[in-house]
Amino acid sequence: MSIKIKDVSLELGVPVSTVRYWQAMFDDYIRPIRTDGGQRRYSAQHVKRFHQIMELVYVQKMPIEQARQRLLKGEGESDGIDWNKQSILLTGGTGSFGKHFCRLMLKKYNPKVIRIYSRDELKQHEMRIEFKDDKRLRFFIGDVRDGERLQRAMSGIDYVVHAAALKQVPACEYNPFEAVKTNIHGAQNVINAAIDAGVKKVIALSTDKAVNPVNLYGATKLCSDKLFVQGNAYAGASGTRFSCVRYGNVIGSRGSVIPVFLQQKESGTITITDERMTRFWITLDQAVELVLKGFRYMEGGEIFVPNIPSMRLMDLAKAIAPECEIKHIGIREGEKLHEALTGEDEGRNTFKFKNMYVIMPSYSWWQRKNYVDAVKMAEGFVYTSDANEEWMTIEDLQQIVFGPEMPSEVEDQPSRLIANS
Ligand SMILES: NC(=O)c1ccc[n+]([C@@H]2O[C@H](COP(=O)([O-])OP(=O)(O)OC[C@H]3O[C@@H](n4cnc5c(N)ncnc54)[C@H](OP(=O)(O)O)[C@@H]3O)[C@@H](O)[C@H]2O)c1
């Protein structure tokens with residue numbers, strides 16, 4: 001979808017002049033693409049954003065500046081936590097998610113401190129430079145396999161985001177014991193250290209690969225999910241709460257398919273495993289906001305799943321390299337044609353809530369007081385990438401891959417292989 005301003009005005013039912021005014025006032029929230037002649041063109045996502053503006057300004061009668069702040073802050077979903085009084089520990093802080101989390105948190109929410117916890121000193125050194133020695137960031141060298149070190153790192157911490165993982169499918173298949181040590185034992189160590197340090201809330205990052213896993217990476221993440229959900233049972237008097245967020249492919253994260261296609265474009269041939277393949281599609285911004293939303297609503301034991309669009313791999317290839325020949329190489333071991341973000345057995349505990357699906361735990365003591373307006377999904381509900389209601393078009397994909405929303409990591413790493421993370 002790529003439409004002109006007059007079509008946006010028709011879609012919203014407001015004059016073109018109003019759309020122009022909103023465009024000018026919210027220019028850091030809506031960035032249309034320009035044609036060669038300098039004309040603005042809008043995507044489905046832009047139109048969605050105009051609808052949000054209309055809701056706040058027209059329906060809720062919110063002053064423009066307040067609406068701007070609200071939207072830039074991620075629709076205020078993380079309101080309710082006074083981040084500048086909170087200390088955060090972020091395992092895997094030097095990874096794609098971790099760095100983006102830091103960028104957004106430092107810019108929008110000004111936390112007291114974010115402690116980065118990871119193994120490689122070079123990545124930490126580079127990150128320190130990239131973040132211009134920001135004093136709110138602290139760098140701890142440590143392995144999640146090392147419980148004692150984690151305990152030290154969590155001293156005085158309020159919130160933990162657990163992003164550290166081995167996430168390359170082939171690497172986990174080839175080094176299965178290592179995957180177990182990092183993704184499962186590491187999860188257990190994070191839970192133990194958080195309880196001992198009296199951390200308030202912990203969110204662990206899960207993946208669609210954990211639903212009906214067909215590879216070791218997915219299996220270790222499923223086990224990690226179960227540990228975090230059940231970890232609440234160990235918290236006792238410390239009151240520490242554990243939840244997970246689960247999402248699919250992150251656009252442009254380390255090892256994603258986009259850098260591979262961009263590199264193959266040069267050769268004139270794009271390789272596709274199977275032309276029927278579909279995947280969920282989430283931006284790093286949305287992944288970070290999901291974590292913050294999770295912190296806001298979690299009572300412990302939930303798995304938060306965002307409502308996100310799907311894409312066809314063929315459409316992505318066409319968006320990136322329409323001129324290229326497509327070579328089919330067949331589905332690889334440990335890969336699925338389509339991904340699922342909720343499983344059949346989870347269906348009976350899945351609720352629709354605030355543009356997310358929330359898989360609730362089945363503890364008898366659990367209150368669900370934050371979820372009064374949550375809507376229960378039908379028995380057997382599954383959220384799969386092929387049966388999604390929302391799809392990315394080729395134009396949407398082009399705008400993201402070649403537009404300003406593409407994270408810079410993609411250009412940094414053109415030679416990586418497909419991650420399947
Ligand atoms: N990328 C995706 O498409 C995607 C999709 C769904 C879910 N996820 C999940 O999101 C999380 C973050 O993914 P990402 O894309 O940011 O990964 P990433 O870019 O590969 O980063 C991984 C981070 O974890 C650290 N790490 C790895 N092993 C560690 C260990 N044993 N102890 C401490 N730190 C360790 C790495 O630093 P060092 O190597 O220096 O230790 C790095 O900071 C993962 O849990 C992943 O499963 C990712």
# chains A, B, ... in the order shown; residues from 1 in each chain; ligands from 1

$ residues_around --residues "Ser87 (chain A)" --least-positions-apart "5" --cutoff "7 Å" --atoms "only C-alpha atoms" --output "list of chain:residue names"
A:Pro111, A:Lys112, A:Val113, A:Ile114, A:Ile157, A:Asp158, A:Tyr159

$ write_last_selection --atoms "N, CA and C atoms" --output "mmCIF file, in the first residue's frame"
data_model
loop_
_atom_site.group_PDB
_atom_site.id
_atom_site.type_symbol
_atom_site.label_atom_id
_atom_site.label_comp_id
_atom_site.auth_asym_id
_atom_site.auth_seq_id
_atom_site.Cartn_x
_atom_site.Cartn_y
_atom_site.Cartn_z
ATOM 1 N N PRO A 111 15.882 5.730 32.619
ATOM 2 C CA PRO A 111 16.011 4.900 33.833
ATOM 3 C C PRO A 111 17.227 5.326 34.653
ATOM 4 N N LYS A 112 17.187 4.968 35.952
ATOM 5 C CA LYS A 112 18.312 5.334 36.823
ATOM 6 C C LYS A 112 19.595 4.694 36.291
ATOM 7 N N VAL A 113 19.525 3.402 36.010
ATOM 8 C CA VAL A 113 20.702 2.714 35.466
ATOM 9 C C VAL A 113 20.260 1.474 34.690
ATOM 10 N N ILE A 114 21.000 1.161 33.627
ATOM 11 C CA ILE A 114 20.811 -0.140 32.954
ATOM 12 C C ILE A 114 22.140 -0.872 33.038
ATOM 13 N N ILE A 157 18.947 -4.309 41.988
ATOM 14 C CA ILE A 157 18.203 -4.189 40.723
ATOM 15 C C ILE A 157 16.689 -4.319 40.964
ATOM 16 N N ASP A 158 15.892 -3.492 40.239
ATOM 17 C CA ASP A 158 14.436 -3.550 40.358
ATOM 18 C C ASP A 158 13.794 -4.421 39.283
ATOM 19 N N TYR A 159 14.274 -4.251 38.035
ATOM 20 C CA TYR A 159 13.673 -4.967 36.894
ATOM 21 C C TYR A 159 14.768 -5.693 36.111
#

$ select_by_dssp --residues "region 94-178 of chain A" --states "helix (DSSP H, G or I)" --output "ChimeraX atom specification"
/A:96-109,121-130,147-153,169-174,176-178

$ residues_around --residues "region 118-130 of chain A" --least-positions-apart "6" --cutoff "8 Å" --atoms "only C-alpha atoms" --output "list of chain:residue names"
A:Thr91, A:Gly92, A:Gly93, A:Thr94, A:Lys99, A:Phe139, A:Phe140, A:Ile141, A:Gly142, A:Asp143, A:Val144, A:Ala164

$ residues_around --residues "Leu104 (chain A)" --least-positions-apart "4" --cutoff "8 Å" --atoms "only C-alpha atoms" --output "ChimeraX atom specification"
/A:100,108-109,285,288

$ select_by_dssp --residues "region 46-205 of chain A" --states "strand (DSSP E or B)" --output "PDB file with N, CA and C atoms, in the first residue's frame"
ATOM      1  N   SER A  87      16.287   0.645  38.579  1.00  0.00           N
ATOM      2  CA  SER A  87      17.532   0.088  38.051  1.00  0.00           C
ATOM      3  C   SER A  87      17.204  -1.205  37.311  1.00  0.00           C
ATOM      4  N   ILE A  88      17.762  -1.325  36.120  1.00  0.00           N
ATOM      5  CA  ILE A  88      17.421  -2.461  35.250  1.00  0.00           C
ATOM      6  C   ILE A  88      18.675  -3.295  34.998  1.00  0.00           C
ATOM      7  N   LEU A  89      18.521  -4.611  35.026  1.00  0.00           N
ATOM      8  CA  LEU A  89      19.601  -5.473  34.547  1.00  0.00           C
ATOM      9  C   LEU A  89      19.138  -6.085  33.232  1.00  0.00           C
ATOM     10  N   LEU A  90      20.004  -6.012  32.221  1.00  0.00           N
ATOM     11  CA  LEU A  90      19.667  -6.504  30.892  1.00  0.00           C
ATOM     12  C   LEU A  90      20.696  -7.547  30.488  1.00  0.00           C
ATOM     13  N   THR A  91      20.310  -8.834  30.538  1.00  0.00           N
ATOM     14  CA  THR A  91      21.262  -9.845  30.059  1.00  0.00           C
ATOM     15  C   THR A  91      21.226  -9.809  28.538  1.00  0.00           C
ATOM     16  N   VAL A 113      19.525   3.402  36.010  1.00  0.00           N
ATOM     17  CA  VAL A 113      20.702   2.714  35.466  1.00  0.00           C
ATOM     18  C   VAL A 113      20.260   1.474  34.690  1.00  0.00           C
ATOM     19  N   ILE A 114      21.000   1.161  33.627  1.00  0.00           N
ATOM     20  CA  ILE A 114      20.811  -0.140  32.954  1.00  0.00           C
ATOM     21  C   ILE A 114      22.140  -0.872  33.038  1.00  0.00           C
ATOM     22  N   ARG A 115      22.136  -2.024  33.712  1.00  0.00           N
ATOM     23  CA  ARG A 115      23.345  -2.840  33.773  1.00  0.00           C
ATOM     24  C   ARG A 115      23.315  -3.846  32.629  1.00  0.00           C
ATOM     25  N   ILE A 116      24.327  -3.771  31.794  1.00  0.00           N
ATOM     26  CA  ILE A 116      24.444  -4.701  30.672  1.00  0.00           C
ATOM     27  C   ILE A 116      25.217  -5.917  31.160  1.00  0.00           C
ATOM     28  N   TYR A 117      24.692  -7.090  30.894  1.00  0.00           N
ATOM     29  CA  TYR A 117      25.352  -8.318  31.332  1.00  0.00           C
ATOM     30  C   TYR A 117      25.580  -9.218  30.127  1.00  0.00           C
ATOM     31  N   SER A 118      26.842  -9.411  29.744  1.00  0.00           N
ATOM     32  CA  SER A 118      27.144 -10.294  28.606  1.00  0.00           C
ATOM     33  C   SER A 118      28.612 -10.710  28.683  1.00  0.00           C
ATOM     34  N   LEU A 137      24.489   3.780  31.676  1.00  0.00           N
ATOM     35  CA  LEU A 137      24.794   2.390  31.295  1.00  0.00           C
ATOM     36  C   LEU A 137      25.991   1.896  32.094  1.00  0.00           C
ATOM     37  N   ARG A 138      25.884   0.657  32.616  1.00  0.00           N
ATOM     38  CA  ARG A 138      27.021   0.032  33.297  1.00  0.00           C
ATOM     39  C   ARG A 138      27.266  -1.315  32.632  1.00  0.00           C
ATOM     40  N   PHE A 139      28.511  -1.695  32.510  1.00  0.00           N
ATOM     41  CA  PHE A 139      28.834  -2.914  31.760  1.00  0.00           C
ATOM     42  C   PHE A 139      29.423  -3.968  32.676  1.00  0.00           C
ATOM     43  N   PHE A 140      28.736  -5.092  32.767  1.00  0.00           N
ATOM     44  CA  PHE A 140      29.216  -6.225  33.561  1.00  0.00           C
ATOM     45  C   PHE A 140      29.570  -7.367  32.622  1.00  0.00           C
ATOM     46  N   ILE A 141      30.814  -7.835  32.719  1.00  0.00           N
ATOM     47  CA  ILE A 141      31.167  -9.054  31.986  1.00  0.00           C
ATOM     48  C   ILE A 141      30.651 -10.223  32.820  1.00  0.00           C
ATOM     49  N   TYR A 159      14.274  -4.251  38.035  1.00  0.00           N
ATOM     50  CA  TYR A 159      13.673  -4.967  36.894  1.00  0.00           C
ATOM     51  C   TYR A 159      14.768  -5.693  36.111  1.00  0.00           C
ATOM     52  N   VAL A 160      14.447  -6.894  35.642  1.00  0.00           N
ATOM     53  CA  VAL A 160      15.401  -7.644  34.816  1.00  0.00           C
ATOM     54  C   VAL A 160      14.762  -7.969  33.466  1.00  0.00           C
ATOM     55  N   VAL A 161      15.519  -7.718  32.393  1.00  0.00           N
ATOM     56  CA  VAL A 161      15.118  -8.199  31.069  1.00  0.00           C
ATOM     57  C   VAL A 161      16.137  -9.261  30.680  1.00  0.00           C
ATOM     58  N   HIS A 162      15.656 -10.468  30.439  1.00  0.00           N
ATOM     59  CA  HIS A 162      16.571 -11.567  30.115  1.00  0.00           C
ATOM     60  C   HIS A 162      16.533 -11.827  28.607  1.00  0.00           C
ATOM     61  N   LYS A 201      10.406  -7.419  39.138  1.00  0.00           N
ATOM     62  CA  LYS A 201       9.819  -8.119  37.985  1.00  0.00           C
ATOM     63  C   LYS A 201      10.893  -8.531  36.998  1.00  0.00           C
ATOM     64  N   VAL A 202      10.683  -9.691  36.390  1.00  0.00           N
ATOM     65  CA  VAL A 202      11.620 -10.207  35.389  1.00  0.00           C
ATOM     66  C   VAL A 202      10.834 -10.581  34.135  1.00  0.00           C
ATOM     67  N   ILE A 203      11.319 -10.134  32.983  1.00  0.00           N
ATOM     68  CA  ILE A 203      10.723 -10.589  31.721  1.00  0.00           C
ATOM     69  C   ILE A 203      11.788 -11.268  30.886  1.00  0.00           C
ATOM     70  N   ALA A 204      11.467 -12.481  30.427  1.00  0.00           N
ATOM     71  CA  ALA A 204      12.390 -13.226  29.557  1.00  0.00           C
ATOM     72  C   ALA A 204      11.858 -13.195  28.132  1.00  0.00           C
ATOM     73  N   LEU A 205      12.778 -13.112  27.175  1.00  0.00           N
ATOM     74  CA  LEU A 205      12.391 -13.055  25.772  1.00  0.00           C
ATOM     75  C   LEU A 205      12.263 -14.469  25.214  1.00  0.00           C
TER      76      LEU A 205
END

$ atom_distance --atom1 "CA of Gln151 (chain A)" --atom2 "CA of Asn189 (chain A)"
8.5 Å

$ closest_residue --among "A:Ile30, A:Val375, A:Ala197, A:Val190" --to "ligand 1" --atoms "only C-alpha atoms and all ligand atoms"
A:Val190

$ residues_around --residues "Ala219 (chain A)" --least-positions-apart "4" --cutoff "8 Å" --atoms "only C-alpha atoms" --output "number ranges by chain"
A: 209-210, 213-215, 223

$ closest_residue --among "A:Val14, A:Cys244, A:Leu284, A:Met277" --to "Cys102 (chain A)" --atoms "only C-alpha atoms"
A:Leu284

$ residues_around --residues "region 347-350 of chain A" --least-positions-apart "2" --cutoff "8 Å" --atoms "only C-alpha atoms" --output "compact mmCIF listing (two decimals) with C-alpha atoms, in the first residue's frame"
# COMPACT_ATOMS: atom_id res chain seq x y z
CA THR A 342 0.53 -19.62 20.56
CA GLY A 343 0.06 -23.38 20.70
CA GLU A 344 -3.15 -25.40 20.65
CA ASP A 345 -2.78 -26.41 24.27
CA LYS A 352 -6.99 -10.91 23.73
CA TYR A 357 -2.60 -12.12 23.15
CA VAL A 358 -1.85 -13.03 26.73
CA ILE A 359 -1.36 -16.68 27.61
CA MET A 360 -2.35 -16.76 31.26
CA PRO A 361 -0.88 -19.21 33.75
CA SER A 362 -3.18 -21.70 35.38
CA LYS A 376 -11.05 -15.11 26.25
CA MET A 377 -10.21 -16.80 22.95
CA ALA A 378 -12.13 -19.89 21.81
CA GLU A 379 -10.90 -23.32 22.90
CA GLY A 380 -8.24 -24.54 20.46
CA PHE A 381 -7.27 -21.03 19.32
CA VAL A 382 -3.84 -20.80 17.67

$ atom_distance --atom1 "CA of Asn175 (chain A)" --atom2 "CA of Leu337 (chain A)"
24.1 Å

$ residues_around --residues "Gln45 (chain A)" --least-positions-apart "4" --cutoff "9 Å" --atoms "only C-alpha atoms" --output "list in words"
Arg49, Phe50 and Asp396 of chain A

$ closest_residue --among "A:Gly301, A:Gly268, A:Gly147, A:Gly98" --to "ligand 1" --atoms "only C-alpha atoms and all ligand atoms"
A:Gly98

$ closest_residue --among "A:Tyr371, A:Phe97, A:Tyr174, A:Trp391" --to "ligand 1" --atoms "only C-alpha atoms and all ligand atoms"
A:Phe97

$ atom_distance --atom1 "CA of Thr283 (chain A)" --atom2 "CA of Val245 (chain A)"
14.1 Å

$ closest_residue --among "A:Trp83, A:Tyr217, A:Tyr247, A:Tyr383" --to "Lys167 (chain A)" --atoms "only C-alpha atoms"
A:Tyr217

$ closest_residue --among "A:Glu346, A:Glu323, A:Glu65, A:Glu339" --to "Arg279 (chain A)" --atoms "only C-alpha atoms"
A:Glu339
